[in-house]
file protein_5.cif (mmCIF, C-alpha atoms)
data_target
#
loop_
_atom_site.label_atom_id
_atom_site.label_comp_id
_atom_site.auth_asym_id
_atom_site.auth_seq_id
_atom_site.Cartn_x
_atom_site.Cartn_y
_atom_site.Cartn_z
CA MET A 1 0.00 0.00 0.00
CA SER A 2 2.70 2.46 1.02
CA ALA A 3 4.46 1.93 -2.33
CA VAL A 4 1.68 3.77 -4.13
CA ARG A 5 2.75 7.35 -4.72
CA PRO A 6 0.03 9.95 -4.33
CA ASP A 7 -0.93 11.88 -7.41
CA LYS A 8 1.00 15.17 -7.05
CA SER A 9 -1.78 17.25 -8.48
CA LYS A 10 -4.07 16.08 -5.70
CA LEU A 11 -1.67 17.01 -2.88
CA PHE A 12 -2.60 19.98 -0.78
CA TYR A 13 -0.24 22.94 -0.95
CA ARG A 14 -0.83 25.79 1.41
CA LYS A 15 -0.64 28.98 -0.62
CA LEU A 16 1.93 31.44 0.74
CA PRO A 17 1.38 35.14 0.19
CA ALA A 18 4.21 36.92 -1.68
CA SER A 19 4.88 38.90 1.51
CA TRP A 20 5.60 35.84 3.73
CA TRP A 21 9.19 36.95 4.27
CA LEU A 22 7.97 40.12 6.00
CA SER A 23 6.15 38.16 8.67
CA LYS A 24 9.16 37.27 10.84
CA PRO A 25 12.51 39.05 11.48
CA SER A 26 14.46 35.86 10.67
CA TYR A 27 12.69 35.50 7.30
CA PHE A 28 13.40 39.16 6.57
CA LEU A 29 17.11 38.73 7.42
CA PHE A 30 17.20 35.71 5.12
CA MET A 31 15.84 37.84 2.25
CA LEU A 32 18.35 40.62 3.07
CA ARG A 33 21.15 38.05 2.82
CA GLU A 34 19.88 36.93 -0.59
CA LEU A 35 19.53 40.57 -1.66
CA SER A 36 23.17 41.29 -0.76
CA SER A 37 24.22 39.41 -3.92
CA VAL A 38 22.25 41.89 -6.07
CA PHE A 39 24.14 44.89 -4.71
CA ILE A 40 27.49 43.11 -4.99
CA ALA A 41 26.73 42.13 -8.61
CA ILE A 42 25.73 45.71 -9.55
CA PHE A 43 28.93 47.03 -7.95
CA LEU A 44 31.03 44.55 -9.94
CA VAL A 45 29.29 45.41 -13.23
CA VAL A 46 29.98 49.12 -12.61
CA PHE A 47 33.59 48.17 -11.76
CA LEU A 48 33.83 46.28 -15.08
CA ILE A 49 32.52 49.34 -16.96
CA GLN A 50 35.17 51.39 -15.14
CA ILE A 51 37.96 49.05 -16.30
CA TYR A 52 36.47 49.09 -19.81
CA GLN A 53 37.11 52.88 -19.87
CA LEU A 54 40.85 52.07 -19.93
CA THR A 55 40.44 50.76 -23.48
CA ARG A 56 39.49 54.34 -24.36
CA GLY A 57 42.52 55.83 -22.64
CA PRO A 58 43.60 56.93 -19.15
CA GLU A 59 41.60 60.18 -19.40
CA ALA A 60 38.34 58.29 -19.88
CA TYR A 61 39.28 56.08 -16.92
CA ALA A 62 39.93 59.06 -14.64
CA ALA A 63 36.75 60.79 -15.86
CA PHE A 64 34.66 57.74 -15.00
CA ALA A 65 35.87 57.74 -11.38
CA GLN A 66 34.72 61.38 -11.28
CA LYS A 67 31.27 60.34 -12.50
CA LEU A 68 30.95 58.10 -9.44
CA SER A 69 31.58 60.96 -6.99
CA PRO A 70 28.04 62.39 -6.57
CA PRO A 71 26.36 61.61 -3.20
CA GLY A 72 23.94 59.18 -4.89
CA TRP A 73 26.76 56.83 -5.90
CA ILE A 74 28.56 57.20 -2.56
CA ILE A 75 25.34 56.26 -0.74
CA PHE A 76 24.83 53.31 -3.08
CA ASN A 77 28.40 52.17 -2.41
CA LEU A 78 27.91 52.59 1.34
CA ILE A 79 24.79 50.41 1.20
CA THR A 80 26.67 47.89 -0.95
CA PHE A 81 29.57 47.86 1.52
CA LEU A 82 27.22 47.12 4.44
CA PHE A 83 25.54 44.37 2.40
CA ALA A 84 28.96 42.95 1.50
CA LEU A 85 29.96 42.78 5.17
CA TYR A 86 26.61 41.16 5.97
CA HIS A 87 27.30 38.60 3.25
CA SER A 88 30.79 37.93 4.68
CA ILE A 89 29.53 37.36 8.23
CA THR A 90 26.59 35.16 7.18
CA TRP A 91 28.88 33.26 4.79
CA PHE A 92 31.33 32.55 7.62
CA TYR A 93 28.47 31.29 9.81
CA SER A 94 27.25 28.96 7.03
CA SER A 95 30.81 27.74 6.47
CA ALA A 96 31.09 26.96 10.18
CA ILE A 97 28.10 24.64 9.77
CA VAL A 98 28.99 23.16 6.36
CA LEU A 99 32.76 22.83 6.81
CA PRO A 100 33.42 22.67 10.57
CA LEU A 101 37.07 22.71 11.58
CA ARG A 102 38.19 20.18 14.17
CA ILE A 103 40.63 20.70 17.01
CA GLY A 104 41.66 17.12 17.82
CA GLU A 105 38.42 15.27 18.51
CA ARG A 106 36.31 18.35 19.07
CA GLU A 107 34.53 20.60 16.62
CA MET A 108 35.72 24.19 16.77
CA PRO A 109 33.12 26.49 18.39
CA ARG A 110 31.21 28.35 15.66
CA ASN A 111 31.92 31.80 17.04
CA LEU A 112 35.66 31.06 17.09
CA PHE A 113 35.45 29.79 13.50
CA VAL A 114 33.70 33.01 12.43
CA ALA A 115 36.21 35.16 14.36
CA LEU A 116 39.08 33.38 12.57
CA ASN A 117 37.44 34.05 9.19
CA VAL A 118 36.94 37.72 10.07
CA GLY A 119 40.66 37.81 10.89
CA VAL A 120 41.49 36.29 7.49
CA LEU A 121 39.18 38.83 5.81
CA ALA A 122 41.02 41.69 7.57
CA VAL A 123 44.47 40.35 6.61
CA VAL A 124 43.47 39.65 2.97
CA SER A 125 41.93 43.15 2.69
CA LEU A 126 45.07 44.78 4.08
CA VAL A 127 47.33 42.80 1.70
CA ILE A 128 45.18 43.79 -1.33
CA LEU A 129 45.16 47.44 -0.24
CA VAL A 130 48.94 47.55 0.27
CA LEU A 131 49.60 45.77 -3.06
CA PHE A 132 47.20 48.13 -4.85
CA LEU A 133 48.80 51.26 -3.36
CA ALA A 134 52.31 49.99 -4.10
CA LEU A 135 51.65 48.92 -7.70
CA LYS A 136 48.95 51.29 -9.00
CA GLY A 137 51.44 53.86 -10.43
CA MET B 1 19.19 24.57 -14.10
CA THR B 2 16.93 23.88 -17.06
CA GLU B 3 18.77 20.78 -18.31
CA GLY B 4 17.79 18.86 -15.20
CA LYS B 5 19.81 17.50 -12.35
CA SER B 6 23.04 16.90 -14.25
CA SER B 7 24.18 20.54 -14.42
CA GLU B 8 23.20 21.41 -10.86
CA PRO B 9 26.55 20.61 -9.18
CA LEU B 10 28.28 22.95 -11.65
CA TRP B 11 26.03 25.91 -10.77
CA TRP B 12 26.22 25.12 -7.09
CA GLY B 13 30.04 24.94 -7.28
CA LEU B 14 30.17 28.34 -9.01
CA PHE B 15 27.71 29.75 -6.45
CA SER B 16 29.90 28.50 -3.62
CA ALA B 17 33.16 29.76 -5.13
CA GLY B 18 31.50 33.11 -5.80
CA GLY B 19 30.36 33.26 -2.18
CA VAL B 20 33.95 32.83 -0.99
CA VAL B 21 35.28 35.50 -3.40
CA ALA B 22 32.51 37.92 -2.37
CA ALA B 23 33.10 37.27 1.34
CA PHE B 24 36.89 37.73 1.34
CA LEU B 25 37.77 39.96 -1.63
CA VAL B 26 34.84 42.27 -2.46
CA PRO B 27 34.67 44.54 0.67
CA ILE B 28 38.15 46.10 0.20
CA HIS B 29 37.41 46.72 -3.48
CA ILE B 30 34.28 48.65 -2.52
CA ILE B 31 36.46 50.81 -0.26
CA ILE B 32 39.03 51.40 -3.04
CA TYR B 33 36.74 51.85 -6.07
CA GLY B 34 33.56 52.95 -4.33
CA PHE B 35 35.02 55.57 -1.98
CA ALA B 36 38.77 56.20 -2.27
CA LEU B 37 38.93 56.80 -6.05
CA PRO B 38 35.68 58.78 -6.59
CA LEU B 39 36.31 60.97 -3.53
CA GLY B 40 39.87 61.68 -4.65
CA TRP B 41 41.64 60.16 -1.61
CA ILE B 42 43.93 58.34 -4.05
CA SER B 43 44.57 58.32 -7.80
CA ASP B 44 45.03 55.39 -10.16
CA SER B 45 46.85 55.53 -13.49
CA GLY B 46 45.33 52.22 -14.62
CA MET B 47 48.72 50.74 -15.62
CA LEU B 48 48.20 47.88 -13.16
CA TYR B 49 45.43 46.29 -15.26
CA ARG B 50 47.77 45.50 -18.17
CA ASN B 51 49.55 42.92 -16.02
CA TRP B 52 48.48 39.33 -16.75
CA LEU B 53 48.37 38.20 -13.13
CA VAL B 54 46.16 41.19 -12.29
CA LYS B 55 43.89 40.32 -15.23
CA ILE B 56 43.45 36.76 -14.00
CA TYR B 57 42.72 38.08 -10.52
CA LEU B 58 40.13 40.54 -11.86
CA PHE B 59 38.50 37.78 -13.90
CA VAL B 60 38.01 35.72 -10.74
CA LEU B 61 36.95 38.75 -8.71
CA ILE B 62 34.27 39.90 -11.16
CA THR B 63 32.86 36.70 -12.66
CA LEU B 64 32.51 34.27 -9.74
CA PRO B 65 30.26 36.53 -7.61
CA LEU B 66 28.01 36.90 -10.69
CA TYR B 67 27.26 33.16 -10.48
CA HIS B 68 26.71 33.62 -6.76
CA TRP B 69 24.15 36.32 -7.59
CA ALA B 70 22.49 34.17 -10.28
CA HIS B 71 21.93 31.26 -7.88
CA ARG B 72 20.71 33.40 -4.98
CA PHE B 73 18.50 35.66 -7.09
CA TYR B 74 16.89 32.72 -8.87
CA PHE B 75 16.05 30.88 -5.66
CA ALA B 76 15.06 34.04 -3.77
CA LEU B 77 12.58 35.02 -6.51
CA ASN B 78 11.22 31.46 -6.50
CA ASP B 79 10.89 31.57 -2.71
CA MET B 80 9.09 34.90 -2.89
CA LYS B 81 6.18 33.12 -4.57
CA LEU B 82 5.68 35.86 -7.13
CA GLY B 83 4.46 33.29 -9.62
CA LEU B 84 7.24 34.00 -12.13
CA PRO B 85 7.84 31.31 -14.76
CA GLN B 86 10.82 29.20 -13.63
CA LYS B 87 12.55 28.38 -16.92
CA PRO B 88 12.80 31.93 -18.32
CA LEU B 89 13.87 33.12 -14.85
CA ALA B 90 16.67 30.55 -14.73
CA MET B 91 17.77 31.50 -18.25
CA LEU B 92 17.82 35.17 -17.25
CA CYS B 93 19.80 34.63 -14.03
CA TYR B 94 22.37 32.03 -15.08
CA GLY B 95 22.45 33.39 -18.64
CA GLY B 96 23.14 36.85 -17.22
CA ALA B 97 26.14 35.50 -15.33
CA VAL B 98 27.45 33.82 -18.49
CA VAL B 99 27.03 37.07 -20.48
CA GLY B 100 28.88 38.88 -17.68
CA THR B 101 31.71 36.34 -17.90
CA VAL B 102 32.07 36.81 -21.67
CA ALA B 103 31.97 40.61 -21.26
CA THR B 104 34.65 40.49 -18.53
CA LEU B 105 36.85 38.27 -20.68
CA TRP B 106 36.42 40.64 -23.63
CA VAL B 107 37.26 43.76 -21.59
CA LEU B 108 40.32 42.17 -19.95
CA LEU B 109 41.63 40.82 -23.26
CA SER B 110 41.25 44.20 -24.99
CA LEU B 111 43.36 46.00 -22.37
#

call {"tool": "encode", "arguments": {"input": "protein_5.cif", "output": "structure tokens"}}
result
Amino acid sequence: MSAVRPDKSKLFYRKLPASWWLSKPSYFLFMLRELSSVFIAIFLVVFLIQIYQLTRGPEAYAAFAQKLSPPGWIIFNLITFLFALYHSITWFYSSAIVLPLRIGEREMPRNLFVALNVGVLAVVSLVILVLFLALKG
Amino acid sequence: MTEGKSSEPLWWGLFSAGGVVAAFLVPIHIIIYGFALPLGWISDSGMLYRNWLVKIYLFVLITLPLYHWAHRFYFALNDMKLGLPQKPLAMLCYGGAVVGTVATLWVLLSL
């Protein structure tokens, strides 16, 4: 009897309203985390357009950086930066669950794992910044 | 994606790699290109981007998070229950990331 699969079209699905993710703070934070990727992607596309300007000469490249100086762009970049940090922290927490590090027999505490990743993020950022400043010309 | 289960590990792998790149590499680039350059704290001649190692780095930096976006955006829109058709949505998201990859390759190769 149990081998008989129910006809899918006759199963009952509770209809969720499109605003379900506004009904609980944790659902809302989940959507914010997903939304972070949109801001990061837009930033990277703008960054690509900026590098593309170099094919038109250094003047066009410098002029494009100027175009990004109005308050609107700075505010957008500030929002993107906060989203990027939110992505980093939530990514480290997911990594702690998916790829837990072990110390001997024991699993590393999640908060320690996240703190280590934040440390790596800080070191990597500093190295990129120093390399950029030293090599940019 | 649309081809069924066989291509799913590929998209998930790209999503995951993009998540790592976005988590560790993107924030400092927002500080450099989003604030420091436009506000005139520093200047950049652009010579750096003709170096091959830098080009490979930029390719990784720009393209992988696009696949991260594609995966998240596709599933988030599905989860939102907006009633959008799944196949065109998948084509738009993952296809967008592929177009972005080709565009990045083209820009970096023409420098």

call {"tool": "closest_residue", "arguments": {"input": "protein_5.cif", "among": "B:Met91, B:Ile31, B:Ala103, B:Leu14", "to": "Ser125 of chain A", "atoms": "only C-alpha atoms"}}
result
B:Ile31

call {"tool": "resolve_selection", "arguments": {"input": "protein_5.cif", "expression": "the PyMOL selection byres ((chain B) within 7 of (chain A))", "output": "ChimeraX atom specification"}}
result
/B:23-25,27-28,30,34-35,37-39,44-48,62,65-66,68-69,72-73,76,80-82,104,107,110-111

call {"tool": "closest_residue", "arguments": {"input": "protein_5.cif", "among": "A:Ala134, A:Leu101, A:Leu32, A:Ala60", "to": "Leu116 of chain A", "atoms": "all atoms listed in the file"}}
result
A:Leu101

call {"tool": "atom_distance", "arguments": {"input": "protein_5.cif", "atom1": "atom CA of Leu58 of chain B", "atom2": "atom CA of Val98 of chain B"}}
result
15.8 Å

call {"tool": "atom_distance", "arguments": {"input": "protein_5.cif", "atom1": "atom CA of Tyr57 of chain B", "atom2": "atom CA of Val98 of chain A"}}
result
26.4 Å

call {"tool": "atom_distance", "arguments": {"input": "protein_5.cif", "atom1": "atom CA of Ile79 of chain A", "atom2": "atom CA of Ala97 of chain B"}}
result
22.3 Å

call {"tool": "axis_aligned_box", "arguments": {"input": "protein_5.cif", "around": "segment 122-127 of chain A", "padding_each_side": "4 Å", "output": "AutoDock Vina command-line options"}}
result
--center_x 44.2 --center_y 42.2 --center_z 4.6 --size_x 14.3 --size_y 13.1 --size_z 13.9

call {"tool": "decode", "arguments": {"input": "protein_5.cif", "residues": "segment 43-72 of chain B", "atoms": "N, CA and C atoms", "output": "PDB file, in the first residue's frame"}}
result
ATOM      1  N   SER B  43      44.742  58.320  -6.340  1.00  0.00           N
ATOM      2  CA  SER B  43      44.572  58.321  -7.798  1.00  0.00           C
ATOM      3  C   SER B  43      45.070  56.985  -8.335  1.00  0.00           C
ATOM      4  N   ASP B  44      44.643  56.666  -9.571  1.00  0.00           N
ATOM      5  CA  ASP B  44      45.027  55.385 -10.161  1.00  0.00           C
ATOM      6  C   ASP B  44      45.276  55.593 -11.645  1.00  0.00           C
ATOM      7  N   SER B  45      46.519  55.310 -12.088  1.00  0.00           N
ATOM      8  CA  SER B  45      46.853  55.533 -13.494  1.00  0.00           C
ATOM      9  C   SER B  45      46.230  54.469 -14.401  1.00  0.00           C
ATOM     10  N   GLY B  46      45.915  53.292 -13.829  1.00  0.00           N
ATOM     11  CA  GLY B  46      45.330  52.219 -14.620  1.00  0.00           C
ATOM     12  C   GLY B  46      46.363  51.315 -15.265  1.00  0.00           C
ATOM     13  N   MET B  47      47.656  51.566 -15.027  1.00  0.00           N
ATOM     14  CA  MET B  47      48.719  50.739 -15.617  1.00  0.00           C
ATOM     15  C   MET B  47      48.662  49.295 -15.099  1.00  0.00           C
ATOM     16  N   LEU B  48      48.228  49.176 -13.850  1.00  0.00           N
ATOM     17  CA  LEU B  48      48.198  47.878 -13.164  1.00  0.00           C
ATOM     18  C   LEU B  48      47.415  46.821 -13.946  1.00  0.00           C
ATOM     19  N   TYR B  49      46.355  47.248 -14.644  1.00  0.00           N
ATOM     20  CA  TYR B  49      45.432  46.292 -15.258  1.00  0.00           C
ATOM     21  C   TYR B  49      45.951  45.693 -16.563  1.00  0.00           C
ATOM     22  N   ARG B  50      47.170  46.111 -16.976  1.00  0.00           N
ATOM     23  CA  ARG B  50      47.767  45.497 -18.172  1.00  0.00           C
ATOM     24  C   ARG B  50      48.599  44.274 -17.809  1.00  0.00           C
ATOM     25  N   ASN B  51      48.795  44.079 -16.513  1.00  0.00           N
ATOM     26  CA  ASN B  51      49.549  42.925 -16.021  1.00  0.00           C
ATOM     27  C   ASN B  51      48.676  41.665 -16.073  1.00  0.00           C
ATOM     28  N   TRP B  52      49.272  40.550 -16.552  1.00  0.00           N
ATOM     29  CA  TRP B  52      48.485  39.334 -16.746  1.00  0.00           C
ATOM     30  C   TRP B  52      47.974  38.699 -15.452  1.00  0.00           C
ATOM     31  N   LEU B  53      48.814  38.764 -14.415  1.00  0.00           N
ATOM     32  CA  LEU B  53      48.372  38.204 -13.126  1.00  0.00           C
ATOM     33  C   LEU B  53      47.189  38.993 -12.584  1.00  0.00           C
ATOM     34  N   VAL B  54      47.261  40.329 -12.753  1.00  0.00           N
ATOM     35  CA  VAL B  54      46.163  41.187 -12.293  1.00  0.00           C
ATOM     36  C   VAL B  54      44.897  40.884 -13.089  1.00  0.00           C
ATOM     37  N   LYS B  55      45.055  40.634 -14.396  1.00  0.00           N
ATOM     38  CA  LYS B  55      43.886  40.316 -15.234  1.00  0.00           C
ATOM     39  C   LYS B  55      43.208  39.024 -14.769  1.00  0.00           C
ATOM     40  N   ILE B  56      44.029  38.028 -14.466  1.00  0.00           N
ATOM     41  CA  ILE B  56      43.455  36.758 -14.004  1.00  0.00           C
ATOM     42  C   ILE B  56      42.719  36.966 -12.672  1.00  0.00           C
ATOM     43  N   TYR B  57      43.348  37.767 -11.800  1.00  0.00           N
ATOM     44  CA  TYR B  57      42.724  38.082 -10.517  1.00  0.00           C
ATOM     45  C   TYR B  57      41.379  38.783 -10.725  1.00  0.00           C
ATOM     46  N   LEU B  58      41.361  39.783 -11.614  1.00  0.00           N
ATOM     47  CA  LEU B  58      40.130  40.535 -11.861  1.00  0.00           C
ATOM     48  C   LEU B  58      39.047  39.645 -12.461  1.00  0.00           C
ATOM     49  N   PHE B  59      39.475  38.700 -13.309  1.00  0.00           N
ATOM     50  CA  PHE B  59      38.502  37.779 -13.904  1.00  0.00           C
ATOM     51  C   PHE B  59      37.792  36.975 -12.801  1.00  0.00           C
ATOM     52  N   VAL B  60      38.580  36.475 -11.871  1.00  0.00           N
ATOM     53  CA  VAL B  60      38.015  35.717 -10.740  1.00  0.00           C
ATOM     54  C   VAL B  60      37.137  36.617  -9.877  1.00  0.00           C
ATOM     55  N   LEU B  61      37.660  37.812  -9.587  1.00  0.00           N
ATOM     56  CA  LEU B  61      36.955  38.749  -8.708  1.00  0.00           C
ATOM     57  C   LEU B  61      35.590  39.158  -9.261  1.00  0.00           C
ATOM     58  N   ILE B  62      35.513  39.393 -10.576  1.00  0.00           N
ATOM     59  CA  ILE B  62      34.270  39.905 -11.160  1.00  0.00           C
ATOM     60  C   ILE B  62      33.296  38.770 -11.514  1.00  0.00           C
ATOM     61  N   THR B  63      33.796  37.698 -12.120  1.00  0.00           N
ATOM     62  CA  THR B  63      32.856  36.701 -12.662  1.00  0.00           C
ATOM     63  C   THR B  63      32.254  35.766 -11.602  1.00  0.00           C
ATOM     64  N   LEU B  64      33.063  35.263 -10.670  1.00  0.00           N
ATOM     65  CA  LEU B  64      32.509  34.267  -9.736  1.00  0.00           C
ATOM     66  C   LEU B  64      31.340  34.803  -8.902  1.00  0.00           C
ATOM     67  N   PRO B  65      31.428  36.033  -8.356  1.00  0.00           N
ATOM     68  CA  PRO B  65      30.259  36.529  -7.607  1.00  0.00           C
ATOM     69  C   PRO B  65      29.015  36.705  -8.482  1.00  0.00           C
ATOM     70  N   LEU B  66      29.187  36.812  -9.813  1.00  0.00           N
ATOM     71  CA  LEU B  66      28.007  36.905 -10.688  1.00  0.00           C
ATOM     72  C   LEU B  66      27.214  35.592 -10.649  1.00  0.00           C
ATOM     73  N   TYR B  67      27.935  34.458 -10.583  1.00  0.00           N
ATOM     74  CA  TYR B  67      27.264  33.163 -10.477  1.00  0.00           C
ATOM     75  C   TYR B  67      26.632  33.004  -9.098  1.00  0.00           C
ATOM     76  N   HIS B  68      27.275  33.614  -8.111  1.00  0.00           N
ATOM     77  CA  HIS B  68      26.706  33.617  -6.760  1.00  0.00           C
ATOM     78  C   HIS B  68      25.364  34.371  -6.781  1.00  0.00           C
ATOM     79  N   TRP B  69      25.380  35.537  -7.451  1.00  0.00           N
ATOM     80  CA  TRP B  69      24.155  36.320  -7.592  1.00  0.00           C
ATOM     81  C   TRP B  69      23.079  35.505  -8.320  1.00  0.00           C
ATOM     82  N   ALA B  70      23.461  34.891  -9.449  1.00  0.00           N
ATOM     83  CA  ALA B  70      22.489  34.170 -10.282  1.00  0.00           C
ATOM     84  C   ALA B  70      21.738  33.123  -9.446  1.00  0.00           C
ATOM     85  N   HIS B  71      22.504  32.347  -8.684  1.00  0.00           N
ATOM     86  CA  HIS B  71      21.925  31.265  -7.884  1.00  0.00           C
ATOM     87  C   HIS B  71      21.006  31.814  -6.790  1.00  0.00           C
ATOM     88  N   ARG B  72      21.502  32.835  -6.080  1.00  0.00           N
ATOM     89  CA  ARG B  72      20.713  33.400  -4.977  1.00  0.00           C
ATOM     90  C   ARG B  72      19.463  34.092  -5.501  1.00  0.00           C
TER      91      ARG B  72
END
